[in-house]
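For reference, the structure discussed in these notes is given below.
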Amino acid sequence: DPDTAVVLRVKEHRKPEQLPFEQVAASIREQLVEKRAAEQARSEGEKLLAGLREDKTPVEQAAGGQTWQQIEAATRSQEGVEPVVLQTLFRMPRPVDGKPTFAGVALANGDYVILQLKGVSEPDDELAEDEREMYRQFLASRSGQQDFSAFRRELERSAEIERK
């Protein structure tokens with residue numbers, strides 16, 4: 001905000017220093033354990049995923065002490081599901097001949113999630129004419145916004161701008 005000023009006074013200035021090993025050893029150990037656990041989870045998950053894709057491992061045996069969390073009629077903004085899982089799910093190929101498709105994704109916390117897609121639901125009937133018109137207007141508006149944004153960027157790129 002151009003009308004606001006912030007004034008700070010430094011009471012003490014410390015130069016950067018290396019912490020003693022005893023002080024950081026526990027933190028380093030914890031990071032290494034988490035990293036190795038994530039690598040192991042990913043490795044085991046990828047092996048299990050390969051077995052599922054090749055029909056060598058039955059889905060019932062794939063749990064290995066874990067449980068499958070079932071979500072029916074998932075949406076792109078599904079509550080309670082990690083966004084990276086939803087992105088992977090909606091990029092998966094459709095099941096063919098009633099056989100589910102599988103995919104795996106590593107989460108930021110080190111977990112490895114295996115996805116099983118059993119089917120894709122299609123809308124039963126055509127959109128009503130007013131809904132179709134609403135979508136047309138939305139897409140036209142979005143396209144216009146993108147065109148205007150590209151035009152503005154081009155003008156800024158070719159203009160001689162002097163900032164003080």
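Each chain in the structure tokens gets a letter, A, B, ..., in the order shown, and its residues are numbered from 1; ligands are numbered from 1 in order too.
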
Secondary structure check, alpha helix (DSSP H) residues of chain A, as an MDAnalysis selection string | chainID A and resid 21:53 59:62 83:91 129:158

Can you list, as a ChimeraX atom specification, every protein, DNA or RNA residue that comes within 8 Å of range 77-92 of chain A when you count only C-alpha atoms, leaving out same-chain residues fewer than 5 positions away?
-> /A:101-105,107,113,115,117

Writing out the chosen residues with N, CA, C and O atoms as a JSON list (two decimals), in the first residue's frame:
```json
[["chain", "number", "residue", "atom", "x", "y", "z"],
["A", 101, "THR", "N", -8.95, -50.29, -14.53],
["A", 101, "THR", "CA", -7.61, -49.80, -14.80],
["A", 101, "THR", "C", -6.99, -49.33, -13.49],
["A", 101, "THR", "O", -7.70, -48.97, -12.55],
["A", 102, "PHE", "N", -5.67, -49.36, -13.42],
["A", 102, "PHE", "CA", -4.96, -49.02, -12.20],
["A", 102, "PHE", "C", -3.92, -47.94, -12.48],
["A", 102, "PHE", "O", -3.38, -47.85, -13.58],
["A", 103, "ALA", "N", -3.65, -47.15, -11.44],
["A", 103, "ALA", "CA", -2.60, -46.13, -11.51],
["A", 103, "ALA", "C", -2.07, -45.92, -10.10],
["A", 103, "ALA", "O", -2.73, -46.27, -9.12],
["A", 104, "GLY", "N", -0.90, -45.36, -10.00],
["A", 104, "GLY", "CA", -0.31, -45.07, -8.70],
["A", 104, "GLY", "C", 0.20, -43.65, -8.66],
["A", 104, "GLY", "O", 0.57, -43.08, -9.68],
["A", 105, "VAL", "N", 0.21, -43.08, -7.45],
["A", 105, "VAL", "CA", 0.69, -41.72, -7.28],
["A", 105, "VAL", "C", 1.32, -41.59, -5.89],
["A", 105, "VAL", "O", 0.82, -42.13, -4.92],
["A", 107, "LEU", "N", 2.31, -39.28, -2.74],
["A", 107, "LEU", "CA", 1.84, -38.07, -2.09],
["A", 107, "LEU", "C", 3.02, -37.32, -1.47],
["A", 107, "LEU", "O", 4.10, -37.88, -1.28],
["A", 113, "VAL", "N", -0.24, -44.12, -3.20],
["A", 113, "VAL", "CA", -1.65, -44.48, -3.35],
["A", 113, "VAL", "C", -1.84, -45.20, -4.67],
["A", 113, "VAL", "O", -1.35, -44.76, -5.70],
["A", 115, "LEU", "N", -4.66, -46.45, -7.32],
["A", 115, "LEU", "CA", -6.04, -46.14, -7.73],
["A", 115, "LEU", "C", -6.56, -47.25, -8.63],
["A", 115, "LEU", "O", -5.86, -47.73, -9.51],
["A", 117, "LEU", "N", -9.81, -47.80, -11.12],
["A", 117, "LEU", "CA", -10.96, -47.19, -11.77],
["A", 117, "LEU", "C", -11.81, -48.29, -12.37],
["A", 117, "LEU", "O", -11.37, -49.00, -13.27]]
```

With only C-alpha atoms as the atoms that count, which of A:Lys118, A:Lys99, A:Arg153, A:Arg14 lies nearest to Glu54 in chain A?
->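 Residue with the minimum atom-to-atom distance to Glu54 in chain A: A:Lys99.
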
In range 17-120 of chain A, DSSP strand (DSSP E or B) residues written as a PyMOL selection string | chain A and resi 96+99+101-106+112-117

Only N, CA and C atoms, please: the residues just picked out, written as a PDB file, in the first residue's frame.
```pdb
ATOM      1  N   VAL A  96     -11.774 -51.034 -20.006  1.00  0.00           N
ATOM      2  CA  VAL A  96     -12.191 -51.683 -21.242  1.00  0.00           C
ATOM      3  C   VAL A  96     -12.712 -53.078 -20.910  1.00  0.00           C
ATOM      4  N   LYS A  99     -12.917 -54.534 -17.315  1.00  0.00           N
ATOM      5  CA  LYS A  99     -11.703 -54.726 -16.516  1.00  0.00           C
ATOM      6  C   LYS A  99     -11.248 -53.370 -15.990  1.00  0.00           C
ATOM      7  N   THR A 101      -8.951 -50.286 -14.525  1.00  0.00           N
ATOM      8  CA  THR A 101      -7.605 -49.799 -14.798  1.00  0.00           C
ATOM      9  C   THR A 101      -6.987 -49.334 -13.485  1.00  0.00           C
ATOM     10  N   PHE A 102      -5.670 -49.362 -13.424  1.00  0.00           N
ATOM     11  CA  PHE A 102      -4.955 -49.022 -12.199  1.00  0.00           C
ATOM     12  C   PHE A 102      -3.922 -47.942 -12.478  1.00  0.00           C
ATOM     13  N   ALA A 103      -3.655 -47.150 -11.444  1.00  0.00           N
ATOM     14  CA  ALA A 103      -2.601 -46.133 -11.514  1.00  0.00           C
ATOM     15  C   ALA A 103      -2.074 -45.919 -10.102  1.00  0.00           C
ATOM     16  N   GLY A 104      -0.896 -45.358 -10.002  1.00  0.00           N
ATOM     17  CA  GLY A 104      -0.306 -45.073  -8.704  1.00  0.00           C
ATOM     18  C   GLY A 104       0.202 -43.649  -8.656  1.00  0.00           C
ATOM     19  N   VAL A 105       0.207 -43.081  -7.452  1.00  0.00           N
ATOM     20  CA  VAL A 105       0.686 -41.719  -7.283  1.00  0.00           C
ATOM     21  C   VAL A 105       1.320 -41.588  -5.891  1.00  0.00           C
ATOM     22  N   ALA A 106       2.457 -40.895  -5.850  1.00  0.00           N
ATOM     23  CA  ALA A 106       3.136 -40.633  -4.578  1.00  0.00           C
ATOM     24  C   ALA A 106       2.634 -39.306  -4.024  1.00  0.00           C
ATOM     25  N   TYR A 112       2.149 -43.754  -0.792  1.00  0.00           N
ATOM     26  CA  TYR A 112       1.952 -44.134  -2.193  1.00  0.00           C
ATOM     27  C   TYR A 112       0.541 -44.677  -2.308  1.00  0.00           C
ATOM     28  N   VAL A 113      -0.243 -44.118  -3.197  1.00  0.00           N
ATOM     29  CA  VAL A 113      -1.646 -44.477  -3.347  1.00  0.00           C
ATOM     30  C   VAL A 113      -1.838 -45.199  -4.667  1.00  0.00           C
ATOM     31  N   ILE A 114      -2.534 -46.345  -4.603  1.00  0.00           N
ATOM     32  CA  ILE A 114      -2.892 -47.082  -5.816  1.00  0.00           C
ATOM     33  C   ILE A 114      -4.370 -46.827  -6.089  1.00  0.00           C
ATOM     34  N   LEU A 115      -4.662 -46.447  -7.323  1.00  0.00           N
ATOM     35  CA  LEU A 115      -6.036 -46.143  -7.725  1.00  0.00           C
ATOM     36  C   LEU A 115      -6.564 -47.252  -8.625  1.00  0.00           C
ATOM     37  N   GLN A 116      -7.807 -47.615  -8.400  1.00  0.00           N
ATOM     38  CA  GLN A 116      -8.488 -48.584  -9.254  1.00  0.00           C
ATOM     39  C   GLN A 116      -9.732 -47.893  -9.801  1.00  0.00           C
ATOM     40  N   LEU A 117      -9.813 -47.802 -11.117  1.00  0.00           N
ATOM     41  CA  LEU A 117     -10.963 -47.185 -11.768  1.00  0.00           C
ATOM     42  C   LEU A 117     -11.809 -48.290 -12.369  1.00  0.00           C
TER      43      LEU A 117
END
```

If you measure from CA of Gly45 in chain A to CA of Ser121 in chain A, what distance in Å do you get, rounded to one decimal?
->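 It comes out at 27.4 Å.
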
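Near Ala38 in chain A, within 10 Å and counting only C-alpha atoms, sit A:Leu32, A:Val33, A:Glu34, A:Arg42, A:Ser43, A:Glu44, A:Ala106, A:Leu107, A:Ala108, A:Asn109, A:Gly110, A:Asp111, A:Tyr112; same-chain residues fewer than 4 positions away were not included.
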
Just how far from CA of Gly98 in chain A is CA of Gly119 in chain A, in Å to one decimal?
->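 Straight-line distance from CA of Gly119 in chain A to CA of Gly98 in chain A works out to 7.7 Å.
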
Rounded to one decimal in Å, what is the spacing between CA of Val59 in chain A and CA of Lys47 in chain A?
->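 One can read the CA of Val59 in chain A to CA of Lys47 in chain A distance as 13.5 Å.
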